[in-house]
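Undergrad: Attaching a single structure in structure tokens format; questions to follow.
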Amino acid sequence: MPAVEIDAQGMHYTPLNRQIREAVTNGATEIVLKNIMGQRFIGDGLTGTATITVEGVPGGDLGMFMKGPTIIVHGNADHAPGNTMDEGLIVIYGSSGDATAHSMRGGKVYVRDDIGYRGGIHMKQYVNKKPVLVVGGEAHAFLGEYMAGGLIILLRLNQNTNMPFAEMGLASGIHGGEIFVRGTVEDWTLGIGSAAREATPEDLASIKPYISEFCEQFGFDPAVIMASSFTRIAPVSARPFANKYTWE
């Protein structure tokens, strides 16, 4: 089946998403969305293996509850792409807003440039479902807040690694999963329940496949990135706030 092309200029998100669902139901494996400007909920709840190419800037909750498809965004994205996503791949050739990968429970989100605040908040993992967020640029405060599982990799490719990560609340309340930051992390950035150490060779081997795939998408050299030092942030306890609920 040839690619389905939808011109979304001036279109409300409801009829747009209806057309996308109809195309997938009719067997489309490739959908190209042109002139996207802020339409929300693109790809939400879709299953299968279709590839959706977005030309423009999609609105919030891109790929929410998605299970399987691939979404490629040629532009920036608004808040919460990958929200509660179960399976699939979102590739953003630009930056994305706050709460990127919010509550993500499977699949991968690759952002070439920067993300906003609270990236990866409430990410979770169950059995063989492991969500992965890789960010090529910087992240703002509260990255990985309340993280319960999965993997976040922050590459900071637009920064000299001699400059430490300097955003507050990193991994605040984390009780599962792990975060890798290229370069160093100052202690004051760490949130409640998190601890940092230099990544080991075994750690780096575990994240190399995701960095290689990220580089393949965006044209970076994985060997250069892997030659850098990384810091691993992980929980110190499965119950970081346990003492908040006890009293004498």
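Naming works like this for the structure tokens: A, B, ... for the chains as they're shown, residue 1 at the start of each chain, ligands 1 onward in shown order.
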Residues near Tyr146 of chain A, anyone? I mean within 10 Å using only C-alpha atoms, not counting same-chain ones fewer than 5 positions away, as an MDAnalysis selection string.
TA: chainID A and resid 103 118 120:124 170:176 191:193 235 240
Undergrad: If you keep C-alpha atoms, can you produce a file of those selected residues as a PDB file, in the first residue's frame?
TA:
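Final file, part.pdb:
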ATOM      1  CA  SER A 103       4.910   7.601  32.858  1.00  0.00           C
ATOM      2  CA  ARG A 118      10.469  16.670  34.564  1.00  0.00           C
ATOM      3  CA  GLY A 120      10.977  10.808  32.413  1.00  0.00           C
ATOM      4  CA  ILE A 121       8.788  11.517  35.437  1.00  0.00           C
ATOM      5  CA  HIS A 122       7.107   8.332  36.717  1.00  0.00           C
ATOM      6  CA  MET A 123       8.765   6.094  34.117  1.00  0.00           C
ATOM      7  CA  LYS A 124       8.152   2.490  35.078  1.00  0.00           C
ATOM      8  CA  LEU A 170      17.814  15.116  39.547  1.00  0.00           C
ATOM      9  CA  ALA A 171      16.114  11.738  40.142  1.00  0.00           C
ATOM     10  CA  SER A 172      14.118  13.121  43.073  1.00  0.00           C
ATOM     11  CA  GLY A 173      12.134  10.268  44.635  1.00  0.00           C
ATOM     12  CA  ILE A 174      13.611   7.665  42.284  1.00  0.00           C
ATOM     13  CA  HIS A 175      12.866   4.105  43.385  1.00  0.00           C
ATOM     14  CA  GLY A 176      13.671   2.117  40.254  1.00  0.00           C
ATOM     15  CA  GLY A 191      17.111  14.761  44.609  1.00  0.00           C
ATOM     16  CA  ILE A 192      15.842  12.758  47.572  1.00  0.00           C
ATOM     17  CA  GLY A 193      16.584   9.045  47.318  1.00  0.00           C
ATOM     18  CA  PRO A 235      17.942   4.814  43.749  1.00  0.00           C
ATOM     19  CA  PRO A 240      12.749   6.829  49.295  1.00  0.00           C
TER      20      PRO A 240
END
Undergrad: Could you produce a table of the residues of segment 76-187 of chain A lying within 9 Å of segment 197-211 of chain A, with the nearest pair of atoms per residue and their separation in Å rounded to one decimal, using only C-alpha atoms, ordered by chain and increasing residue number, as CSV?
TA:
residue,atom,partner,partner_atom,distance
A:Val132,CA,A:Tyr210,CA,8.2
A:Val134,CA,A:Ile211,CA,7.7
A:Leu151,CA,A:Ile207,CA,8.8
A:Ile153,CA,A:Ile207,CA,8.1
A:Leu155,CA,A:Ile211,CA,8.8
A:Phe180,CA,A:Ala199,CA,7.8
A:Thr184,CA,A:Glu198,CA,8.1
A:Val185,CA,A:Arg197,CA,8.9
Undergrad: Next, the residues of the selection above should be written as a PDB file, in the first residue's frame with N, CA and C atoms.
TA:
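This went into out-v1.pdb:
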ATOM      1  N   VAL A 132      12.854   3.513  27.424  1.00  0.00           N
ATOM      2  CA  VAL A 132      14.162   4.153  27.246  1.00  0.00           C
ATOM      3  C   VAL A 132      13.954   5.559  26.685  1.00  0.00           C
ATOM      4  N   VAL A 134      16.394   8.747  25.444  1.00  0.00           N
ATOM      5  CA  VAL A 134      17.735   9.244  25.164  1.00  0.00           C
ATOM      6  C   VAL A 134      17.608  10.677  24.653  1.00  0.00           C
ATOM      7  N   LEU A 151      15.169   3.463  31.705  1.00  0.00           N
ATOM      8  CA  LEU A 151      16.501   4.014  31.469  1.00  0.00           C
ATOM      9  C   LEU A 151      16.400   5.391  30.833  1.00  0.00           C
ATOM     10  N   ILE A 153      19.102   8.352  29.310  1.00  0.00           N
ATOM     11  CA  ILE A 153      20.477   8.692  28.954  1.00  0.00           C
ATOM     12  C   ILE A 153      20.491  10.139  28.490  1.00  0.00           C
ATOM     13  N   LEU A 155      22.885  12.896  26.984  1.00  0.00           N
ATOM     14  CA  LEU A 155      24.179  12.948  26.318  1.00  0.00           C
ATOM     15  C   LEU A 155      24.845  14.327  26.366  1.00  0.00           C
ATOM     16  N   PHE A 180      21.798   7.853  33.163  1.00  0.00           N
ATOM     17  CA  PHE A 180      23.203   8.068  32.822  1.00  0.00           C
ATOM     18  C   PHE A 180      23.351   9.469  32.242  1.00  0.00           C
ATOM     19  N   THR A 184      29.979  14.878  34.418  1.00  0.00           N
ATOM     20  CA  THR A 184      29.853  14.779  35.869  1.00  0.00           C
ATOM     21  C   THR A 184      28.565  15.421  36.365  1.00  0.00           C
ATOM     22  N   VAL A 185      28.221  15.075  37.591  1.00  0.00           N
ATOM     23  CA  VAL A 185      27.017  15.591  38.242  1.00  0.00           C
ATOM     24  C   VAL A 185      27.410  16.083  39.626  1.00  0.00           C
TER      25      VAL A 185
END
Undergrad: Could you check how far atom CA of Phe230 of chain A sits from atom CA of Glu213 of chain A, in Å to one decimal?
TA: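 Straight-line distance from atom CA of Phe230 of chain A to atom CA of Glu213 of chain A works out to 17.8 Å.
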Undergrad: For Asp61 of chain A, find every residue with an atom within 9 Å (counting only C-alpha atoms), except residues of its own chain fewer than 3 positions away, and show them as a ChimeraX atom specification.
TA: /A:40-44,58,64,78-83,100
Undergrad: Which of these residues is nearest to Met168 of chain A, using only C-alpha atoms: A:Asn128, A:Leu46, A:Tyr117, A:Gly150?
TA: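 Among the listed residues, the smallest separation from Met168 of chain A belongs to A:Tyr117.
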Undergrad: Could you state the separation of atom CA of Val73 of chain A and atom CA of Gly97 of chain A in Å, given to one decimal place?
TA: 13.5 Å
Undergrad: Have a look at atom CA of Ala28 of chain A and atom CA of Ala3 of chain A and let me know their distance in Å, one decimal.
TA: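 One can read the atom CA of Ala28 of chain A to atom CA of Ala3 of chain A distance as 6.9 Å.
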Undergrad: I'd like to know which residues of segment 82-227 of chain A are alpha helix (DSSP H) (by DSSP, run on the backbone); could you write them as a list in words?
TA: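 Taking segment 82-227 of chain A and keeping alpha helix (DSSP H) only, one gets Pro201, Glu202, Asp203, Leu204, Ala205, Ser206, Ile207, Lys208, Pro209, Tyr210, Ile211, Ser212, Glu213, Phe214, Cys215, Glu216, Gln217, Phe218, Pro222, Ala223, Val224, Ile225 and Met226 of chain A.
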